[in-house]
file start16.cif (mmCIF, C-alpha atoms and all ligand atoms)
data_model
loop_
_atom_site.label_atom_id
_atom_site.label_comp_id
_atom_site.auth_asym_id
_atom_site.auth_seq_id
_atom_site.Cartn_x
_atom_site.Cartn_y
_atom_site.Cartn_z
CA MET I 1 0.00 0.00 0.00
CA PHE I 2 2.64 2.52 1.01
CA GLU I 3 5.52 1.23 -1.11
CA HIS I 4 5.54 4.42 -3.18
CA VAL I 5 6.22 6.62 -0.14
CA GLU I 6 9.74 8.03 -0.42
CA THR I 7 12.27 8.40 2.37
CA TYR I 8 12.06 11.82 4.03
CA PRO I 9 15.40 13.52 3.38
CA GLY I 10 14.99 15.43 6.64
CA ASP I 11 14.75 19.08 7.60
CA PRO I 12 17.93 21.18 7.53
CA ILE I 13 17.22 22.51 11.04
CA LEU I 14 15.07 20.02 12.96
CA THR I 15 16.75 16.88 11.63
CA LEU I 16 20.18 18.33 12.40
CA ASN I 17 18.89 18.89 15.93
CA GLU I 18 17.95 15.22 16.16
CA THR I 19 21.45 14.28 14.98
CA PHE I 20 22.92 16.55 17.66
CA ILE I 21 20.80 14.93 20.39
CA ALA I 22 21.92 11.48 19.25
CA ASP I 23 25.62 12.52 19.19
CA THR I 24 27.28 10.87 22.20
CA ARG I 25 30.48 12.95 22.17
CA ALA I 26 31.21 14.87 25.37
CA GLY I 27 31.47 18.61 24.93
CA LYS I 28 29.28 18.75 21.80
CA ILE I 29 28.00 22.25 21.02
CA ASN I 30 24.73 22.99 19.24
CA LEU I 31 24.74 26.23 17.26
CA GLY I 32 22.31 24.82 14.68
CA ILE I 33 18.72 25.30 15.79
CA GLY I 34 17.61 28.84 16.63
CA VAL I 35 17.09 28.75 20.37
CA TYR I 36 18.37 31.10 23.06
CA LEU I 37 20.44 29.48 25.80
CA ASN I 38 21.48 31.12 29.05
CA ASP I 39 25.11 31.29 30.09
CA ALA I 40 24.79 27.85 31.68
CA SER I 41 23.94 26.49 28.18
CA LYS I 42 20.34 25.83 29.24
CA LEU I 43 17.01 26.94 27.83
CA PRO I 44 15.92 29.54 30.36
CA VAL I 45 12.60 29.52 32.17
CA MET I 46 11.96 33.24 32.36
CA ARG I 47 11.11 34.50 35.87
CA ALA I 48 7.97 36.30 34.69
CA VAL I 49 6.82 33.09 32.98
CA ALA I 50 7.51 30.99 36.09
CA GLU I 51 5.59 33.45 38.29
CA ALA I 52 2.60 33.55 35.95
CA GLU I 53 2.57 29.78 35.51
CA THR I 54 2.88 29.11 39.25
CA ALA I 55 -0.12 31.37 39.90
CA LEU I 56 -2.10 29.60 37.17
CA LEU I 57 -1.29 26.16 38.54
CA GLN I 58 -2.33 27.16 42.06
CA SER I 59 -5.90 27.41 40.85
CA PRO I 60 -6.07 25.09 37.86
CA GLY I 61 -8.93 26.15 35.65
CA VAL I 62 -11.10 24.19 33.29
CA ARG I 63 -9.79 23.74 29.77
CA PRO I 64 -12.61 24.32 27.33
CA TYR I 65 -12.08 24.45 23.62
CA LEU I 66 -10.84 27.91 22.77
CA PRO I 67 -12.62 29.82 20.01
CA MET I 68 -11.17 29.02 16.58
CA GLU I 69 -9.39 32.39 16.57
CA GLY I 70 -7.94 31.82 20.04
CA ALA I 71 -8.17 33.45 23.47
CA PRO I 72 -9.40 37.07 23.43
CA ALA I 73 -6.95 38.24 26.14
CA TYR I 74 -3.99 36.74 24.28
CA ARG I 75 -5.05 38.23 20.95
CA LYS I 76 -5.41 41.65 22.53
CA GLN I 77 -1.88 41.53 23.98
CA VAL I 78 -0.45 40.29 20.67
CA GLN I 79 -1.96 43.30 18.95
CA ARG I 80 -0.51 45.71 21.51
CA LEU I 81 2.99 44.26 21.14
CA LEU I 82 2.96 44.21 17.36
CA PHE I 83 1.14 47.39 16.47
CA GLY I 84 1.63 49.52 19.60
CA ALA I 85 -0.91 50.49 22.28
CA ASP I 86 -1.65 53.75 20.45
CA SER I 87 -2.16 52.21 16.98
CA ALA I 88 -4.79 54.05 14.94
CA ALA I 89 -5.45 50.87 12.93
CA LEU I 90 -6.23 49.00 16.15
CA ALA I 91 -8.51 51.80 17.35
CA ALA I 92 -10.31 51.61 13.99
CA LYS I 93 -10.75 47.83 14.52
CA ARG I 94 -9.27 47.10 11.14
CA ILE I 95 -6.84 44.39 12.29
CA ALA I 96 -7.98 40.75 12.39
CA THR I 97 -5.80 38.65 14.74
CA ALA I 98 -5.90 34.91 15.39
CA GLN I 99 -3.86 32.87 17.90
CA THR I 100 -1.91 30.23 15.99
CA LEU I 101 0.40 27.27 16.58
CA GLY I 102 3.62 29.25 16.62
CA GLY I 103 4.86 31.39 13.77
CA SER I 104 4.77 28.39 11.42
CA GLY I 105 1.06 27.91 12.17
CA ALA I 106 0.49 31.58 11.36
CA LEU I 107 2.29 31.26 8.03
CA LYS I 108 0.28 28.14 7.21
CA VAL I 109 -3.11 29.63 8.15
CA GLY I 110 -2.15 32.82 6.29
CA GLY I 111 -0.99 30.81 3.28
CA ASP I 112 -4.27 28.87 3.15
CA PHE I 113 -6.30 32.07 3.49
CA LEU I 114 -4.33 33.80 0.74
CA LYS I 115 -4.58 30.81 -1.61
CA SER I 116 -8.39 30.94 -1.27
CA TYR I 117 -8.74 34.67 -1.88
CA PHE I 118 -5.71 35.45 -4.09
CA PRO I 119 -5.45 32.21 -6.07
CA LYS I 120 -3.49 33.75 -8.94
CA ALA I 121 -0.92 35.53 -6.78
CA GLN I 122 2.63 34.21 -6.50
CA VAL I 123 4.80 34.34 -3.40
CA TRP I 124 8.23 36.02 -3.23
CA ILE I 125 10.66 35.03 -0.50
CA CYS I 126 14.13 36.46 0.07
CA ASP I 127 17.34 34.68 -0.89
CA PRO I 128 18.28 33.26 1.52
CA THR I 129 15.42 32.77 3.94
CA TRP I 130 14.25 30.38 6.64
CA ASP I 131 13.83 27.04 4.85
CA ASN I 132 10.27 26.53 6.03
CA HIS I 133 9.02 29.62 4.15
CA ARG I 134 9.37 27.89 0.79
CA ALA I 135 7.91 24.65 2.19
CA ILE I 136 4.87 26.29 3.79
CA PHE I 137 3.90 28.50 0.86
CA GLY I 138 4.69 25.76 -1.64
CA GLY I 139 2.58 23.40 0.48
CA ALA I 140 -0.30 25.89 0.39
CA GLY I 141 -0.20 25.60 -3.41
CA PHE I 142 1.71 28.76 -4.35
CA THR I 143 4.44 29.20 -6.91
CA VAL I 144 7.31 30.44 -4.75
CA ASN I 145 9.95 32.75 -6.24
CA ALA I 146 13.01 34.34 -4.66
CA TYR I 147 14.20 37.95 -4.66
CA PRO I 148 17.84 38.85 -3.97
CA TYR I 149 18.60 39.83 -0.40
CA TYR I 150 21.98 39.03 1.12
CA SER I 151 25.24 39.69 -0.66
CA ALA I 152 28.29 37.78 0.56
CA ALA I 153 30.51 40.38 -1.09
CA LEU I 154 28.84 43.25 0.78
CA GLN I 155 28.44 41.10 3.91
CA HIS I 156 25.05 42.76 4.09
CA VAL I 157 21.70 43.25 2.34
CA ASP I 158 22.07 44.18 -1.32
CA PHE I 159 19.25 46.68 -1.07
CA ASP I 160 19.61 47.95 -4.65
CA ALA I 161 19.24 44.43 -6.04
CA MET I 162 16.29 43.76 -3.73
CA LEU I 163 14.49 46.93 -4.81
CA ALA I 164 15.20 46.33 -8.48
CA ALA I 165 13.75 42.81 -8.27
CA LEU I 166 10.69 43.78 -6.23
CA GLY I 167 10.11 46.65 -8.65
CA LYS I 168 9.31 44.04 -11.29
CA VAL I 169 7.01 41.84 -9.19
CA PRO I 170 3.43 41.89 -10.55
CA ALA I 171 0.81 43.83 -8.57
CA GLY I 172 -1.06 41.66 -6.08
CA ASP I 173 1.81 39.23 -5.52
CA ILE I 174 2.77 38.37 -1.95
CA VAL I 175 6.18 39.43 -0.62
CA VAL I 176 7.46 37.72 2.52
CA LEU I 177 9.58 40.06 4.67
CA HIS I 178 11.49 39.47 7.90
CA ALA I 179 10.51 42.34 10.19
CA CYS I 180 13.71 42.10 12.26
CA CYS I 181 16.65 39.80 13.05
CA HIS I 182 16.69 38.23 9.60
CA ASN I 183 16.86 34.44 9.64
CA PRO I 184 19.38 33.14 8.54
CA THR I 185 21.64 36.13 7.88
CA GLY I 186 21.14 38.55 10.79
CA ALA I 187 21.24 41.35 8.17
CA ASP I 188 18.31 43.78 8.44
CA LEU I 189 17.15 46.81 6.49
CA SER I 190 17.72 50.24 8.04
CA GLU I 191 14.70 52.38 8.93
CA GLN I 192 15.37 54.50 5.85
CA GLN I 193 15.43 51.36 3.66
CA TRP I 194 12.13 50.19 5.16
CA ARG I 195 10.61 53.57 4.28
CA THR I 196 11.87 53.28 0.70
CA LEU I 197 10.55 49.73 0.44
CA ALA I 198 7.14 50.75 1.82
CA THR I 199 6.83 53.35 -0.93
CA LEU I 200 7.62 50.75 -3.58
CA VAL I 201 5.22 48.20 -2.08
CA ARG I 202 2.42 50.75 -1.95
CA GLU I 203 3.03 52.08 -5.46
CA ARG I 204 3.20 48.60 -6.99
CA GLY I 205 0.25 47.23 -5.00
CA LEU I 206 2.19 44.30 -3.51
CA LEU I 207 0.89 42.40 -0.49
CA PRO I 208 3.52 42.17 2.28
CA PHE I 209 3.55 39.19 4.64
CA PHE I 210 5.79 40.02 7.60
CA ASP I 211 7.36 37.27 9.66
CA ILE I 212 8.43 38.45 13.14
CA ALA I 213 9.81 35.63 15.26
CA TYR I 214 12.43 37.56 17.27
CA GLN I 215 10.73 40.71 18.52
CA GLY I 216 12.94 42.13 21.27
CA PHE I 217 16.11 40.34 20.18
CA GLY I 218 17.22 43.03 17.72
CA ALA I 219 17.07 46.51 19.22
CA GLY I 220 14.00 46.37 21.51
CA LEU I 221 10.31 45.46 21.44
CA ASP I 222 9.14 48.70 19.81
CA GLU I 223 12.23 49.19 17.64
CA ASP I 224 11.89 45.67 16.19
CA ALA I 225 8.28 46.39 15.19
CA PHE I 226 9.30 49.52 13.28
CA ALA I 227 8.83 48.06 9.79
CA ILE I 228 5.37 46.66 10.55
CA ARG I 229 4.17 49.87 12.21
CA HIS I 230 5.56 52.03 9.42
CA PHE I 231 3.85 49.99 6.68
CA VAL I 232 0.57 50.13 8.65
CA ALA I 233 0.92 53.91 9.08
CA GLU I 234 1.42 54.16 5.32
CA GLY I 235 -1.98 52.55 4.83
CA ILE I 236 -0.61 49.33 3.29
CA PRO I 237 -2.77 46.22 3.80
CA LEU I 238 -0.56 43.42 5.13
CA LEU I 239 -0.21 40.17 7.06
CA VAL I 240 1.96 39.51 10.11
CA ALA I 241 3.01 36.10 11.47
CA SER I 242 4.46 36.36 14.96
CA SER I 243 5.94 33.94 17.45
CA PHE I 244 6.54 33.93 21.22
CA SER I 245 8.80 30.87 21.07
CA LYS I 246 12.01 32.82 21.47
CA ASN I 247 11.10 35.96 23.39
CA PHE I 248 9.17 33.98 26.04
CA SER I 249 11.41 30.89 25.78
CA LEU I 250 8.21 28.87 25.32
CA TYR I 251 9.18 26.91 22.21
CA GLY I 252 7.10 23.79 22.84
CA GLU I 253 3.95 25.70 23.78
CA ARG I 254 3.58 26.78 20.12
CA CYS I 255 2.34 30.29 20.77
CA GLY I 256 2.06 32.50 17.73
CA SER I 257 -0.38 34.73 15.94
CA LEU I 258 -1.56 35.83 12.54
CA SER I 259 -2.75 39.40 12.02
CA ILE I 260 -4.22 40.84 8.87
CA VAL I 261 -4.38 44.61 8.58
CA CYS I 262 -7.41 45.53 6.47
CA ASP I 263 -8.81 48.78 5.08
CA ASN I 264 -11.74 49.02 7.50
CA ALA I 265 -13.56 47.24 10.33
CA PRO I 266 -16.21 45.38 8.25
CA GLU I 267 -13.45 43.99 6.03
CA ALA I 268 -11.49 42.89 9.13
CA ASP I 269 -14.60 41.11 10.48
CA ASN I 270 -14.94 39.12 7.28
CA VAL I 271 -11.23 38.34 7.20
CA LEU I 272 -11.32 37.12 10.82
CA GLY I 273 -14.25 34.87 9.90
CA GLN I 274 -12.23 33.32 7.09
CA LEU I 275 -9.23 32.86 9.38
CA LYS I 276 -11.51 30.96 11.73
CA ALA I 277 -12.54 28.75 8.82
CA ALA I 278 -8.89 28.15 7.89
CA VAL I 279 -8.04 27.25 11.50
CA ARG I 280 -11.04 24.92 11.76
CA ARG I 281 -9.90 23.07 8.64
CA ASN I 282 -6.34 22.76 9.95
CA TYR I 283 -6.51 22.02 13.69
CA SER I 284 -9.90 23.30 14.84
CA ASN I 285 -8.74 25.62 17.62
CA PRO I 286 -5.49 26.42 19.43
CA PRO I 287 -4.30 25.12 22.83
CA THR I 288 -4.82 26.98 26.10
CA HIS I 289 -1.80 26.70 28.38
CA GLY I 290 0.94 28.76 26.72
CA ALA I 291 -1.51 31.48 25.72
CA ARG I 292 -2.72 31.74 29.33
CA ILE I 293 0.83 32.20 30.58
CA ILE I 294 1.61 34.84 27.98
CA SER I 295 -1.52 36.89 28.52
CA ALA I 296 -1.08 36.63 32.32
CA VAL I 297 2.40 38.15 31.93
CA LEU I 298 1.50 40.83 29.42
CA GLU I 299 -1.69 41.93 31.20
CA ASN I 300 0.05 42.45 34.52
CA PRO I 301 2.19 45.63 34.54
CA ALA I 302 4.69 44.22 37.07
CA LEU I 303 5.15 40.92 35.22
CA ASP I 304 5.24 42.72 31.89
CA ALA I 305 8.06 44.94 33.16
CA GLU I 306 9.90 41.92 34.56
CA TRP I 307 9.58 40.06 31.26
CA THR I 308 10.77 43.10 29.28
CA GLY I 309 13.77 43.41 31.59
CA GLU I 310 14.65 39.74 31.15
CA LEU I 311 14.27 40.04 27.39
CA ASN I 312 16.56 43.06 27.36
CA ALA I 313 19.13 41.07 29.32
CA MET I 314 18.89 38.19 26.81
CA ARG I 315 19.53 40.65 23.99
CA GLY I 316 22.52 42.00 25.88
CA ARG I 317 23.93 38.50 26.33
CA ILE I 318 23.57 37.75 22.62
CA GLN I 319 25.38 40.99 21.79
CA ALA I 320 28.17 40.13 24.23
CA MET I 321 28.59 36.73 22.55
CA ARG I 322 28.62 38.37 19.14
CA GLU I 323 31.34 40.79 20.19
CA GLY I 324 33.25 38.05 22.01
CA LEU I 325 33.31 35.80 18.96
CA TYR I 326 34.35 38.73 16.80
CA ALA I 327 37.23 39.66 19.11
CA GLN I 328 38.50 36.08 19.39
CA LEU I 329 38.29 35.35 15.68
CA ARG I 330 40.09 38.58 14.86
CA ALA I 331 42.84 37.69 17.28
CA LEU I 332 43.18 34.16 15.91
CA ARG I 333 42.87 35.06 12.23
CA PRO I 334 43.98 38.67 11.67
CA ASP I 335 44.24 37.82 7.97
CA ARG I 336 40.43 37.50 7.69
CA ASN I 337 37.53 39.93 7.89
CA PHE I 338 34.87 39.12 10.49
CA ASP I 339 33.08 42.48 10.42
CA TYR I 340 29.87 40.75 9.36
CA LEU I 341 29.54 39.46 12.92
CA ILE I 342 29.16 42.91 14.43
CA LYS I 343 27.15 44.31 11.53
CA GLN I 344 24.44 41.64 11.95
CA THR I 345 21.77 41.55 14.66
CA GLY I 346 19.53 39.04 16.42
CA MET I 347 20.15 35.40 17.13
CA PHE I 348 21.95 34.50 13.94
CA SER I 349 25.03 35.23 11.90
CA TYR I 350 25.78 34.10 8.41
CA THR I 351 29.40 33.05 8.55
CA GLY I 352 30.10 32.31 4.91
CA LEU I 353 31.53 28.94 5.98
CA THR I 354 31.19 26.34 3.24
CA VAL I 355 29.31 23.06 3.55
CA ALA I 356 32.67 21.26 3.74
CA GLN I 357 33.85 23.53 6.56
CA VAL I 358 30.57 23.12 8.45
CA ARG I 359 30.82 19.33 8.16
CA LYS I 360 34.41 19.42 9.34
CA LEU I 361 33.36 21.39 12.42
CA ARG I 362 30.69 18.81 13.13
CA GLU I 363 32.84 15.76 12.50
CA GLU I 364 36.09 16.91 14.07
CA SER I 365 34.93 19.26 16.84
CA ALA I 366 31.28 18.20 17.54
CA ILE I 367 30.22 21.79 16.80
CA TYR I 368 26.92 21.94 14.93
CA LEU I 369 25.80 24.76 12.67
CA LEU I 370 23.54 24.79 9.65
CA GLU I 371 25.07 23.75 6.33
CA SER I 372 24.15 27.20 4.99
CA GLY I 373 26.80 28.55 7.37
CA ARG I 374 24.20 30.02 9.76
CA ILE I 375 25.38 30.07 13.34
CA CYS I 376 23.12 30.60 16.34
CA ILE I 377 24.97 33.27 18.31
CA ALA I 378 22.29 33.05 21.03
CA ALA I 379 23.43 29.52 21.89
CA LEU I 380 27.06 30.53 22.49
CA THR I 381 28.18 30.91 26.11
CA GLN I 382 31.28 32.21 27.91
CA ALA I 383 32.25 28.57 28.38
CA THR I 384 31.99 27.61 24.71
CA LEU I 385 33.15 30.84 23.06
CA SER I 386 36.86 30.11 22.83
CA THR I 387 36.35 26.47 21.77
CA VAL I 388 34.06 27.62 18.96
CA ALA I 389 36.35 30.48 17.89
CA ALA I 390 39.39 28.20 17.80
CA ALA I 391 37.54 25.55 15.79
CA ILE I 392 36.22 28.09 13.26
CA ALA I 393 39.63 29.75 12.94
CA LYS I 394 41.10 26.32 12.19
CA VAL I 395 38.64 25.26 9.46
CA ILE I 396 38.83 28.53 7.52
CA ASP I 397 41.31 28.17 4.65
C1 LIG I 401 15.28 28.12 13.49
O1 LIG I 401 15.29 28.83 12.48
O2 LIG I 401 16.25 27.43 13.83
C2 LIG I 401 14.07 28.13 14.38
O3 LIG I 401 13.14 29.05 13.89
C3 LIG I 401 13.52 26.79 14.61
C4 LIG I 401 12.78 26.24 13.43
O4 LIG I 401 11.61 25.91 13.58
O5 LIG I 401 13.34 26.14 12.34
#

call {"tool": "encode", "arguments": {"input": "start16.cif", "output": "structure tokens", "more": "lines below"}}
Ligand code: LMR
result
Amino acid sequence: MFEHVETYPGDPILTLNETFIADTRAGKINLGIGVYLNDASKLPVMRAVAEAETALLQSPGVRPYLPMEGAPAYRKQVQRLLFGADSAALAAKRIATAQTLGGSGALKVGGDFLKSYFPKAQVWICDPTWDNHRAIFGGAGFTVNAYPYYSAALQHVDFDAMLAALGKVPAGDIVVLHACCHNPTGADLSEQQWRTLATLVRERGLLPFFDIAYQGFGAGLDEDAFAIRHFVAEGIPLLVASSFSKNFSLYGERCGSLSIVCDNAPEADNVLGQLKAAVRRNYSNPPTHGARIISAVLENPALDAEWTGELNAMRGRIQAMREGLYAQLRALRPDRNFDYLIKQTGMFSYTGLTVAQVRKLREESAIYLLESGRICIAALTQATLSTVAAAIAKVID
């Protein structure tokens, strides 16, 4: 019956993580998957999360099915974080927001919604991007094209090439954009570049789909939402997929959201209805626990402030690791240029290491990074920094 089913070649991120877990070598270091570790090389349980969860567990509540679009309190807090408490679009009730199973769930629900209502549109993702973008939009039935983004020669975004390519994309096509902390490169647009891009998107009538999985890991919660808020202020209809996996360190709770910014409130009501239908067809309704923790934190000013402080400290630790790796690599290999490390932001850096060099690191030093050369800076620690720097310095030709 199933003899025609092919072997799954694996996922470049999640399968590598499985290989890492199965690796029995002492001292192995995982810089592959995008997770934030504390300086003890552990996934942190944030204090604000622990406090909120402890309070919840002291009076365990019933667990009804949530509405298809998710918990109202959670959706309200998502909107505040993404669009700002003073957002005119929110006040006008023209944003439809659904709780989703992580950022991937948001992309999937959004992809299904778009395929129903924009069946002729094509999707444009940046080169390179997070591997699952192509898979999710391809899986939703779209033709997926790439626009130029990162230039190894510039060690940064080739903004001219990006603009030139997007300037030729047909009106109504969907353009996937990383709002901050670009995955995999860590190279983001400047505020001025976002403004220029917004003008092009509006003039050409493109439909932006923002992915924001690292809000707070770049420059700050509000700063990292700049692109989204600017596009909304410019009156551009758009979609946003967001995730709390990283900034709440709640990966397995699968807490995300999909927001669609519409032209007016009646339109947003209809769109929310169709998001409900898309959710119902996929997984019926989202789970309760993680969303309860997150809304309990964000609704409580003291916990909210504690969480923001912890998030700021995480960002500071990532930056310290970035600068530490830069300093050590420069000292070990003064013949090479590592400026990309301090130009990039967020959890990741694109090292330019080749597949052969990445494999050598894995085989000879038990150091895992993605074969694209992406390294998770947020998983480096004071204890692993010099081992990693020495191993990288050694594999570079
Ligand atoms: C990553 O890019 O490593 C993370 O977003 C985890 C994932 O789901 O791929």

call {"tool": "residues_near_ligand", "arguments": {"input": "start16.cif", "ligand": "ligand LIG 401 (chain I)", "cutoff": "8 Å", "atoms": "all atoms listed in the file", "output": "ChimeraX atom specification"}}
result
/I:13-14,32-35,104,130-132,183-184,213,376

call {"tool": "write_last_selection", "arguments": {"input": "start16.cif", "atoms": "C-alpha atoms", "output": "PDB file, in the frame of the given file"}}
result
ATOM      1  CA  ILE I  13      17.220  22.510  11.040  1.00  0.00           C
ATOM      2  CA  LEU I  14      15.070  20.020  12.960  1.00  0.00           C
ATOM      3  CA  GLY I  32      22.310  24.820  14.680  1.00  0.00           C
ATOM      4  CA  ILE I  33      18.720  25.300  15.790  1.00  0.00           C
ATOM      5  CA  GLY I  34      17.610  28.840  16.630  1.00  0.00           C
ATOM      6  CA  VAL I  35      17.090  28.750  20.370  1.00  0.00           C
ATOM      7  CA  SER I 104       4.770  28.390  11.420  1.00  0.00           C
ATOM      8  CA  TRP I 130      14.250  30.380   6.640  1.00  0.00           C
ATOM      9  CA  ASP I 131      13.830  27.040   4.850  1.00  0.00           C
ATOM     10  CA  ASN I 132      10.270  26.530   6.030  1.00  0.00           C
ATOM     11  CA  ASN I 183      16.860  34.440   9.640  1.00  0.00           C
ATOM     12  CA  PRO I 184      19.380  33.140   8.540  1.00  0.00           C
ATOM     13  CA  ALA I 213       9.810  35.630  15.260  1.00  0.00           C
ATOM     14  CA  CYS I 376      23.120  30.600  16.340  1.00  0.00           C
TER      15      CYS I 376
END

call {"tool": "residues_around", "arguments": {"input": "start16.cif", "residues": "Ser257 (chain I)", "least_positions_apart": "5", "cutoff": "7 Å", "atoms": "only C-alpha atoms", "output": "list in words"}}
result
Thr97, Ala98, Gln99, Thr100, Gly102, Gly103, Ala106, Ala241, Ser242 and Ser243 of chain I

call {"tool": "write_last_selection", "arguments": {"input": "start16.cif", "atoms": "C-alpha atoms", "output": "mmCIF file, in the frame of the given file"}}
result
data_model
loop_
_atom_site.group_PDB
_atom_site.id
_atom_site.type_symbol
_atom_site.label_atom_id
_atom_site.label_comp_id
_atom_site.auth_asym_id
_atom_site.auth_seq_id
_atom_site.Cartn_x
_atom_site.Cartn_y
_atom_site.Cartn_z
ATOM 1 C CA THR I 97 -5.800 38.650 14.740
ATOM 2 C CA ALA I 98 -5.900 34.910 15.390
ATOM 3 C CA GLN I 99 -3.860 32.870 17.900
ATOM 4 C CA THR I 100 -1.910 30.230 15.990
ATOM 5 C CA GLY I 102 3.620 29.250 16.620
ATOM 6 C CA GLY I 103 4.860 31.390 13.770
ATOM 7 C CA ALA I 106 0.490 31.580 11.360
ATOM 8 C CA ALA I 241 3.010 36.100 11.470
ATOM 9 C CA SER I 242 4.460 36.360 14.960
ATOM 10 C CA SER I 243 5.940 33.940 17.450
#

call {"tool": "closest_residue", "arguments": {"input": "start16.cif", "among": "I:Ala302, I:Ala391, I:Ala313, I:Val240", "to": "Arg333 (chain I)", "atoms": "all atoms listed in the file"}}
result
I:Ala391

call {"tool": "closest_residue", "arguments": {"input": "start16.cif", "among": "I:Gln77, I:Thr354, I:Gln155, I:Thr381", "to": "Ile396 (chain I)", "atoms": "all atoms listed in the file"}}
result
I:Thr354

call {"tool": "atom_distance", "arguments": {"input": "start16.cif", "atom1": "CA of Phe113 (chain I)", "atom2": "CA of Pro170 (chain I)"}}
result
19.7 Å

call {"tool": "residues_near_point", "arguments": {"input": "start16.cif", "point": "(9.2, 32.6, 23.1)", "cutoff": "10 Å", "atoms": "only C-alpha atoms", "output": "list in words"}}
result
Val35, Tyr36, Met46, Gly102, Ala213, Tyr214, Gln215, Ser243, Phe244, Ser245, Lys246, Asn247, Phe248, Ser249, Leu250, Tyr251, Gly252, Glu253, Arg254, Cys255, Gly256, Gly290, Ile294 and Leu311 of chain I

call {"tool": "residues_around", "arguments": {"input": "start16.cif", "residues": "Asn300 (chain I)", "least_positions_apart": "3", "cutoff": "12 Å", "atoms": "only C-alpha atoms", "output": "list in words"}}
result
Ala48, Val49, Glu51, Ala52, Ala73, Gln77, Ile293, Ile294, Ser295, Ala296, Val297, Leu303, Asp304, Ala305, Glu306, Trp307 and Thr308 of chain I

call {"tool": "atom_distance", "arguments": {"input": "start16.cif", "atom1": "CA of Phe209 (chain I)", "atom2": "CA of Gly110 (chain I)"}}
result
8.7 Å

call {"tool": "residues_around", "arguments": {"input": "start16.cif", "residues": "Phe217 (chain I)", "least_positions_apart": "4", "cutoff": "9 Å", "atoms": "only C-alpha atoms", "output": "ChimeraX atom specification"}}
result
/I:180-181,221,224,246-247,311-312,314-316,318,345-347

call {"tool": "closest_residue", "arguments": {"input": "start16.cif", "among": "I:Ser59, I:Thr54, I:Thr129, I:Asn337", "to": "Gly186 (chain I)", "atoms": "all atoms listed in the file"}}
result
I:Thr129

call {"tool": "atom_distance", "arguments": {"input": "start16.cif", "atom1": "CA of Asp158 (chain I)", "atom2": "CA of Glu323 (chain I)"}}
result
23.7 Å

call {"tool": "residues_around", "arguments": {"input": "start16.cif", "residues": "Ala366 (chain I)", "least_positions_apart": "4", "cutoff": "8 Å", "atoms": "all atoms listed in the file", "output": "ChimeraX atom specification"}}
result
/I:25,27-29,361-362

call {"tool": "write_last_selection", "arguments": {"input": "start16.cif", "atoms": "C-alpha atoms", "output": "compact mmCIF listing (two decimals), in the frame of the given file"}}
result
# COMPACT_ATOMS: atom_id res chain seq x y z
CA ARG I 25 30.48 12.95 22.17
CA GLY I 27 31.47 18.61 24.93
CA LYS I 28 29.28 18.75 21.80
CA ILE I 29 28.00 22.25 21.02
CA LEU I 361 33.36 21.39 12.42
CA ARG I 362 30.69 18.81 13.13

call {"tool": "residues_around", "arguments": {"input": "start16.cif", "residues": "Gly373 (chain I)", "least_positions_apart": "4", "cutoff": "7 Å", "atoms": "all atoms listed in the file", "output": "PyMOL selection string"}}
result
chain I and resi 350-354+358+369

call {"tool": "write_last_selection", "arguments": {"input": "start16.cif", "atoms": "C-alpha atoms", "output": "PDB file, keeping the file's coordinate frame"}}
result
ATOM      1  CA  TYR I 350      25.780  34.100   8.410  1.00  0.00           C
ATOM      2  CA  THR I 351      29.400  33.050   8.550  1.00  0.00           C
ATOM      3  CA  GLY I 352      30.100  32.310   4.910  1.00  0.00           C
ATOM      4  CA  LEU I 353      31.530  28.940   5.980  1.00  0.00           C
ATOM      5  CA  THR I 354      31.190  26.340   3.240  1.00  0.00           C
ATOM      6  CA  VAL I 358      30.570  23.120   8.450  1.00  0.00           C
ATOM      7  CA  LEU I 369      25.800  24.760  12.670  1.00  0.00           C
TER       8      LEU I 369
END

call {"tool": "axis_aligned_box", "arguments": {"input": "start16.cif", "around": "region 266-282 of chain I", "padding_each_side": "8 Å", "output": "JSON"}}
result
{"center_x": -11.3, "center_y": 34.1, "center_z": 8.9, "size_x": 25.9, "size_y": 38.6, "size_z": 21.7}

call {"tool": "closest_atom_pairs", "arguments": {"input": "start16.cif", "of": "region 236-260 of chain I", "to": "region 187-206 of chain I", "cutoff": "12 Å", "atoms": "only C-alpha atoms", "output": "CSV"}}
result
residue,atom,partner,partner_atom,distance
I:Ile236,CA,I:Arg202,CA,6.2
I:Pro237,CA,I:Arg202,CA,9.0
I:Leu238,CA,I:Leu206,CA,9.1
I:Leu239,CA,I:Leu206,CA,11.6

call {"tool": "closest_residue", "arguments": {"input": "start16.cif", "among": "I:Met162, I:Ala389, I:Ala89, I:Val175", "to": "Gln122 (chain I)", "atoms": "only C-alpha atoms"}}
result
I:Val175

call {"tool": "closest_residue", "arguments": {"input": "start16.cif", "among": "I:Leu154, I:Ala40, I:Ile95, I:Val62", "to": "Pro266 (chain I)", "atoms": "all atoms listed in the file"}}
result
I:Ile95
